[in-house]
file model_25.cif (mmCIF, C-alpha atoms)
data_entry
loop_
_atom_site.label_atom_id
_atom_site.label_comp_id
_atom_site.auth_asym_id
_atom_site.auth_seq_id
_atom_site.Cartn_x
_atom_site.Cartn_y
_atom_site.Cartn_z
CA LYS A 1 -13.72 10.82 -21.86
CA ALA A 2 -12.18 7.40 -21.41
CA GLY A 3 -8.53 7.27 -20.45
CA VAL A 4 -5.72 5.19 -21.87
CA THR A 5 -6.52 1.50 -21.71
CA GLN A 6 -4.04 -1.34 -21.72
CA THR A 7 -4.57 -5.06 -22.11
CA PRO A 8 -3.92 -7.44 -20.60
CA ARG A 9 -3.39 -6.05 -17.12
CA TYR A 10 -1.36 -9.01 -15.92
CA LEU A 11 0.74 -11.60 -17.70
CA ILE A 12 2.91 -14.51 -16.66
CA LYS A 13 5.34 -15.92 -19.22
CA THR A 14 8.38 -18.15 -19.19
CA ARG A 15 11.87 -17.36 -20.45
CA GLY A 16 12.21 -17.59 -24.21
CA GLN A 17 8.56 -16.91 -24.96
CA GLN A 18 7.30 -13.77 -26.65
CA VAL A 19 4.55 -11.40 -25.57
CA THR A 20 2.37 -8.73 -27.17
CA LEU A 21 0.88 -5.87 -25.17
CA SER A 22 -1.88 -3.60 -26.41
CA CYS A 23 -2.66 0.06 -25.81
CA SER A 24 -5.67 2.15 -26.81
CA PRO A 25 -4.97 5.89 -26.48
CA ILE A 26 -7.39 8.57 -25.35
CA SER A 27 -9.84 9.34 -28.14
CA GLY A 28 -8.30 11.90 -30.49
CA HIS A 29 -4.75 11.34 -29.29
CA ARG A 30 -2.37 10.49 -32.09
CA SER A 31 0.91 9.87 -30.29
CA VAL A 32 1.62 6.78 -28.21
CA SER A 33 4.73 6.20 -26.11
CA TRP A 34 5.80 3.11 -24.19
CA TYR A 35 7.78 2.96 -20.96
CA GLN A 36 9.18 0.21 -18.78
CA GLN A 37 9.05 0.61 -15.00
CA THR A 38 11.15 -1.51 -12.66
CA PRO A 39 12.13 -0.99 -9.01
CA GLY A 40 15.81 -0.79 -9.92
CA GLN A 41 15.74 1.39 -13.04
CA GLY A 42 12.57 3.37 -12.54
CA LEU A 43 10.65 4.57 -15.60
CA GLN A 44 12.54 4.22 -18.87
CA PHE A 45 11.44 5.24 -22.35
CA LEU A 46 11.05 2.46 -24.91
CA PHE A 47 9.67 4.13 -28.05
CA GLU A 48 7.15 6.58 -29.43
CA TYR A 49 4.78 6.29 -32.37
CA PHE A 50 3.00 9.04 -34.23
CA SER A 51 0.98 8.59 -37.41
CA GLU A 52 1.95 4.90 -37.55
CA THR A 53 5.67 5.74 -37.62
CA GLN A 54 8.23 5.20 -34.89
CA ARG A 55 9.56 8.68 -34.12
CA ASN A 56 11.83 8.02 -31.17
CA LYS A 57 13.48 4.99 -29.64
CA GLY A 58 15.02 4.40 -26.24
CA ASN A 59 18.07 2.38 -25.35
CA PHE A 60 16.57 -1.11 -25.38
CA PRO A 61 17.60 -4.19 -27.38
CA GLY A 62 15.95 -5.12 -30.64
CA ARG A 63 13.86 -7.75 -28.84
CA PHE A 64 11.56 -4.86 -27.97
CA SER A 65 9.48 -3.66 -30.87
CA GLY A 66 6.21 -1.93 -31.48
CA ARG A 67 3.77 -0.65 -34.02
CA GLN A 68 0.88 1.74 -34.35
CA PHE A 69 -2.28 1.26 -36.34
CA SER A 70 -4.27 3.77 -38.36
CA ASN A 71 -6.71 4.24 -35.45
CA SER A 72 -3.72 5.20 -33.22
CA ARG A 73 -3.93 2.00 -31.20
CA SER A 74 -0.51 0.56 -30.49
CA GLU A 75 1.06 -2.76 -29.66
CA MET A 76 4.47 -3.61 -28.31
CA ASN A 77 6.14 -6.97 -28.61
CA VAL A 78 8.95 -8.50 -26.62
CA SER A 79 10.57 -11.60 -28.09
CA THR A 80 12.77 -14.18 -26.38
CA LEU A 81 11.76 -13.05 -22.92
CA GLU A 82 14.39 -12.80 -20.19
CA LEU A 83 13.90 -12.73 -16.42
CA GLY A 84 14.96 -9.08 -16.43
CA ASP A 85 12.01 -8.17 -18.63
CA SER A 86 9.70 -8.54 -15.63
CA ALA A 87 8.29 -5.07 -15.18
CA LEU A 88 5.29 -2.79 -15.40
CA TYR A 89 4.87 -1.69 -19.01
CA LEU A 90 3.18 1.66 -19.34
CA CYS A 91 1.60 3.23 -22.36
CA ALA A 92 1.08 6.99 -22.59
CA SER A 93 -0.79 9.01 -25.17
CA SER A 94 -0.69 12.65 -26.19
CA LEU A 95 -2.57 14.76 -28.70
CA ALA A 96 0.27 15.58 -31.05
CA TYR A 97 3.38 17.65 -31.30
CA GLY A 98 3.71 21.16 -29.96
CA GLY A 99 2.92 22.98 -26.73
CA ASN A 100 0.19 21.64 -24.49
CA GLN A 101 -0.48 18.86 -26.94
CA GLU A 102 2.65 17.07 -25.78
CA THR A 103 1.52 16.25 -22.25
CA GLN A 104 1.50 12.47 -21.92
CA TYR A 105 -1.32 10.67 -20.12
CA PHE A 106 -0.59 7.21 -18.82
CA GLY A 107 -2.61 4.03 -18.76
CA PRO A 108 -2.78 1.61 -15.81
CA GLY A 109 0.02 -0.54 -17.19
CA THR A 110 0.53 -4.22 -17.91
CA ARG A 111 2.35 -6.14 -15.20
CA LEU A 112 4.58 -8.78 -16.85
CA LEU A 113 6.20 -11.53 -14.82
CA VAL A 114 8.78 -13.73 -16.54
CA LEU A 115 9.54 -17.04 -14.84
CA GLU B 1 22.25 13.13 -21.72
CA ASP B 2 19.21 14.36 -19.81
CA GLN B 3 19.29 13.81 -16.06
CA VAL B 4 16.64 14.24 -13.37
CA THR B 5 17.34 13.98 -9.64
CA GLN B 6 14.56 14.08 -7.07
CA SER B 7 14.91 14.69 -3.36
CA PRO B 8 14.18 13.55 -0.79
CA GLU B 9 13.69 9.88 -1.73
CA ALA B 10 11.06 9.54 0.97
CA LEU B 11 9.17 12.03 3.12
CA ARG B 12 6.86 11.46 6.03
CA LEU B 13 4.59 14.33 7.06
CA GLN B 14 1.89 14.85 9.60
CA GLU B 15 -1.48 15.90 8.24
CA GLY B 16 -1.40 19.67 7.78
CA GLU B 17 2.41 19.89 7.77
CA SER B 18 3.43 21.70 4.56
CA SER B 19 6.60 20.81 2.68
CA SER B 20 8.34 20.88 -0.71
CA LEU B 21 9.71 18.25 -3.04
CA ASN B 22 12.70 19.04 -5.23
CA CYS B 23 13.48 18.09 -8.82
CA SER B 24 16.87 19.06 -10.25
CA TYR B 25 17.37 18.58 -13.96
CA THR B 26 19.95 18.80 -16.73
CA VAL B 27 18.81 19.06 -20.33
CA SER B 28 20.29 20.54 -23.48
CA GLY B 29 17.08 22.45 -24.08
CA LEU B 30 13.89 22.22 -22.04
CA ARG B 31 10.75 21.37 -23.95
CA GLY B 32 8.73 20.82 -20.79
CA LEU B 33 8.92 19.65 -17.18
CA PHE B 34 6.16 17.36 -15.97
CA TRP B 35 4.93 16.32 -12.54
CA TYR B 36 3.03 13.09 -12.02
CA ARG B 37 1.59 11.29 -9.04
CA GLN B 38 1.70 7.49 -8.90
CA ASP B 39 -0.20 5.26 -6.50
CA PRO B 40 1.00 1.67 -5.90
CA GLY B 41 0.16 -0.65 -8.80
CA LYS B 42 -1.22 2.17 -10.97
CA GLY B 43 0.02 4.28 -13.84
CA PRO B 44 1.29 7.82 -13.27
CA GLU B 45 -1.41 10.46 -13.02
CA PHE B 46 -0.65 13.79 -14.67
CA LEU B 47 -0.44 16.82 -12.41
CA PHE B 48 1.36 19.74 -14.10
CA THR B 49 3.37 20.80 -17.13
CA LEU B 50 5.79 23.73 -16.84
CA TYR B 51 7.52 25.21 -19.87
CA SER B 52 9.71 28.12 -18.82
CA ALA B 53 11.56 29.48 -15.80
CA GLY B 54 9.35 31.51 -13.53
CA GLU B 55 6.21 29.60 -14.42
CA GLU B 56 3.95 28.41 -11.59
CA LYS B 57 0.85 26.19 -11.57
CA GLU B 58 -1.54 25.28 -8.79
CA LYS B 59 -4.08 22.59 -8.20
CA GLU B 60 -5.82 22.21 -4.84
CA ARG B 61 -3.05 21.73 -2.24
CA LEU B 62 -0.27 21.44 -4.83
CA LYS B 63 1.82 24.17 -6.43
CA ALA B 64 4.61 23.58 -8.92
CA THR B 65 7.34 26.10 -9.72
CA LEU B 66 10.19 26.11 -12.22
CA THR B 67 13.64 27.66 -12.42
CA LYS B 68 16.36 27.08 -15.01
CA LYS B 69 17.85 24.23 -12.98
CA GLU B 70 15.11 22.85 -10.75
CA SER B 71 11.44 22.55 -10.01
CA PHE B 72 9.64 22.41 -6.70
CA LEU B 73 6.35 20.78 -5.82
CA HIS B 74 4.94 22.54 -2.79
CA ILE B 75 2.32 20.67 -0.77
CA THR B 76 0.25 22.87 1.52
CA ALA B 77 -1.62 21.34 4.47
CA PRO B 78 -1.43 17.79 3.08
CA LYS B 79 -4.02 15.14 3.78
CA PRO B 80 -3.53 11.37 4.04
CA GLU B 81 -4.96 10.96 0.53
CA ASP B 82 -1.97 12.91 -0.80
CA SER B 83 0.23 9.92 0.08
CA ALA B 84 1.79 8.65 -3.16
CA THR B 85 5.02 8.69 -5.15
CA TYR B 86 5.56 11.98 -6.94
CA LEU B 87 7.49 11.77 -10.18
CA CYS B 88 9.24 14.55 -12.06
CA ALA B 89 10.11 14.19 -15.74
CA VAL B 90 11.68 16.36 -18.45
CA MET B 91 11.35 16.41 -22.20
CA ASP B 92 14.13 18.07 -24.15
CA THR B 93 13.83 19.93 -27.41
CA GLY B 94 15.69 17.25 -29.33
CA ARG B 95 13.55 14.24 -28.53
CA ARG B 96 9.95 13.55 -27.59
CA ALA B 97 10.65 11.21 -24.70
CA LEU B 98 10.23 11.74 -20.99
CA THR B 99 13.25 11.26 -18.73
CA PHE B 100 12.03 10.51 -15.23
CA GLY B 101 13.54 10.99 -11.82
CA SER B 102 13.35 8.16 -9.30
CA GLY B 103 10.50 9.84 -7.44
CA THR B 104 9.72 10.99 -3.91
CA ARG B 105 7.60 8.65 -1.78
CA LEU B 106 5.33 10.82 0.32
CA GLN B 107 3.48 9.48 3.33
CA VAL B 108 1.02 11.75 5.15
CA GLN B 109 -0.04 10.50 8.54
CA PRO B 110 -3.36 11.50 10.14
#
call {"tool": "encode", "arguments": {"input": "model_25.cif", "output": "structure tokens"}}
result
Amino acid sequence: KAGVTQTPRYLIKTRGQQVTLSCSPISGHRSVSWYQQTPGQGLQFLFEYFSETQRNKGNFPGRFSGRQFSNSRSEMNVSTLELGDSALYLCASSLAYGGNQETQYFGPGTRLLVL
Amino acid sequence: EDQVTQSPEALRLQEGESSSLNCSYTVSGLRGLFWYRQDPGKGPEFLFTLYSAGEEKEKERLKATLTKKESFLHITAPKPEDSATYLCAVMDTGRRALTFGSGTRLQVQP
């Protein structure tokens, strides 16, 4: 079974631009979560989508947004990029809610560099 | 607010030298505690989920245990390929989001 895939794997942008990252969950998984990983802050939760609805949101500014499609694929968007947005953005998928179905499996990440 | 503290920050072992990694946590209600392994430049790889105090899980040279305040990841007779950063995370009953610790960087020398 294929794992979580993320595209693109690497991105270089300049301050003020916007970026869209894509995530395809494991087949059959309906929940997708996004995390930001930086050397200083570690792994931090951005948001979670289930059945095309945002269910949870982390403590990030409104420049960070996302959506989920009917096939469970998800995208996240960052507008008006800042230097501090340089990070590894990780997508994780899980089956659903409840018990063992909540274990999150991570993709390889998208490395974003903002210049 | 959920908090996860991992110790030590870094650990260097000789091949075959067993040790334990610690994860202390504070949550209002534990939905699950998760262990992941992360290699440089890659996403975290799932290892274990623990749900209640007293639970233990094993996989090859790794064994995870859980109490009401902490979890341990025991590594028995490690090999160089076990070198990685080990991450602990908790999910509380109020929110489906993982709160991660800062990780333990493990280096196993041949």
call {"tool": "closest_residue", "arguments": {"input": "model_25.cif", "among": "A:Ala87, A:Val19, A:Ile12, A:Val32", "to": "Phe106 in chain A", "atoms": "all atoms listed in the file"}}
result
A:Val32
call {"tool": "residues_around", "arguments": {"input": "model_25.cif", "residues": "Lys57 in chain B", "least_positions_apart": "4", "cutoff": "10 Å", "atoms": "all atoms listed in the file", "output": "PyMOL selection string"}}
result
chain B and resi 47-50+62-66+73
call {"tool": "resolve_selection", "arguments": {"input": "model_25.cif", "expression": "the PyMOL selection byres ((chain B) within 10 of (chain A))", "output": "ChimeraX atom specification"}}
result
/B:31-34,36,41-51,87,89,91,95-103
call {"tool": "resolve_selection", "arguments": {"input": "model_25.cif", "expression": "the PyMOL selection byres ((chain A and resi 62-79) around 9)", "output": "PyMOL selection string"}}
result
chain A and resi 16-25+27-34+46-54+60-61+80-82+85+91
call {"tool": "residues_around", "arguments": {"input": "model_25.cif", "residues": "Glu70 in chain B", "least_positions_apart": "2", "cutoff": "7 Å", "atoms": "all atoms listed in the file", "output": "PyMOL selection string"}}
result
chain B and resi 23-25+66-68+72
call {"tool": "atom_distance", "arguments": {"input": "model_25.cif", "atom1": "CA of Thr5 in chain A", "atom2": "CA of Ser94 in chain A"}}
result
13.4 Å
call {"tool": "build_atoms", "arguments": {"input": "model_25.cif", "residues": "range 96-107 of chain B", "atoms": "N, CA, C and O atoms", "output": "compact mmCIF listing (two decimals), in the frame of the given file"}}
result
# COMPACT_ATOMS: atom_id res chain seq x y z
N ARG B 96 11.23 13.64 -28.29
CA ARG B 96 9.95 13.55 -27.59
C ARG B 96 9.91 12.30 -26.73
O ARG B 96 9.26 11.31 -27.06
N ALA B 97 10.64 12.33 -25.64
CA ALA B 97 10.65 11.21 -24.70
C ALA B 97 10.83 11.80 -23.31
O ALA B 97 11.59 12.75 -23.12
N LEU B 98 10.11 11.26 -22.36
CA LEU B 98 10.23 11.74 -20.99
C LEU B 98 11.38 11.03 -20.29
O LEU B 98 11.49 9.80 -20.36
N THR B 99 12.22 11.80 -19.62
CA THR B 99 13.25 11.26 -18.73
C THR B 99 12.78 11.50 -17.31
O THR B 99 12.58 12.66 -16.91
N PHE B 100 12.60 10.43 -16.57
CA PHE B 100 12.03 10.51 -15.23
C PHE B 100 13.10 10.50 -14.15
O PHE B 100 14.16 9.87 -14.28
N GLY B 101 12.79 11.17 -13.04
CA GLY B 101 13.54 10.99 -11.82
C GLY B 101 13.05 9.73 -11.12
O GLY B 101 12.08 9.10 -11.56
N SER B 102 13.70 9.39 -10.02
CA SER B 102 13.35 8.16 -9.30
C SER B 102 12.16 8.35 -8.36
O SER B 102 11.67 7.37 -7.80
N GLY B 103 11.71 9.59 -8.22
CA GLY B 103 10.50 9.84 -7.44
C GLY B 103 10.74 10.13 -5.97
O GLY B 103 11.80 9.82 -5.41
N THR B 104 9.74 10.77 -5.36
CA THR B 104 9.72 10.99 -3.91
C THR B 104 8.49 10.28 -3.35
O THR B 104 7.37 10.56 -3.78
N ARG B 105 8.72 9.36 -2.42
CA ARG B 105 7.60 8.65 -1.78
C ARG B 105 7.11 9.48 -0.61
O ARG B 105 7.84 9.68 0.36
N LEU B 106 5.90 9.97 -0.72
CA LEU B 106 5.33 10.82 0.32
C LEU B 106 4.31 10.04 1.14
O LEU B 106 3.42 9.39 0.57
N GLN B 107 4.46 10.10 2.43
CA GLN B 107 3.48 9.48 3.33
C GLN B 107 2.96 10.57 4.27
O GLN B 107 3.75 11.24 4.94
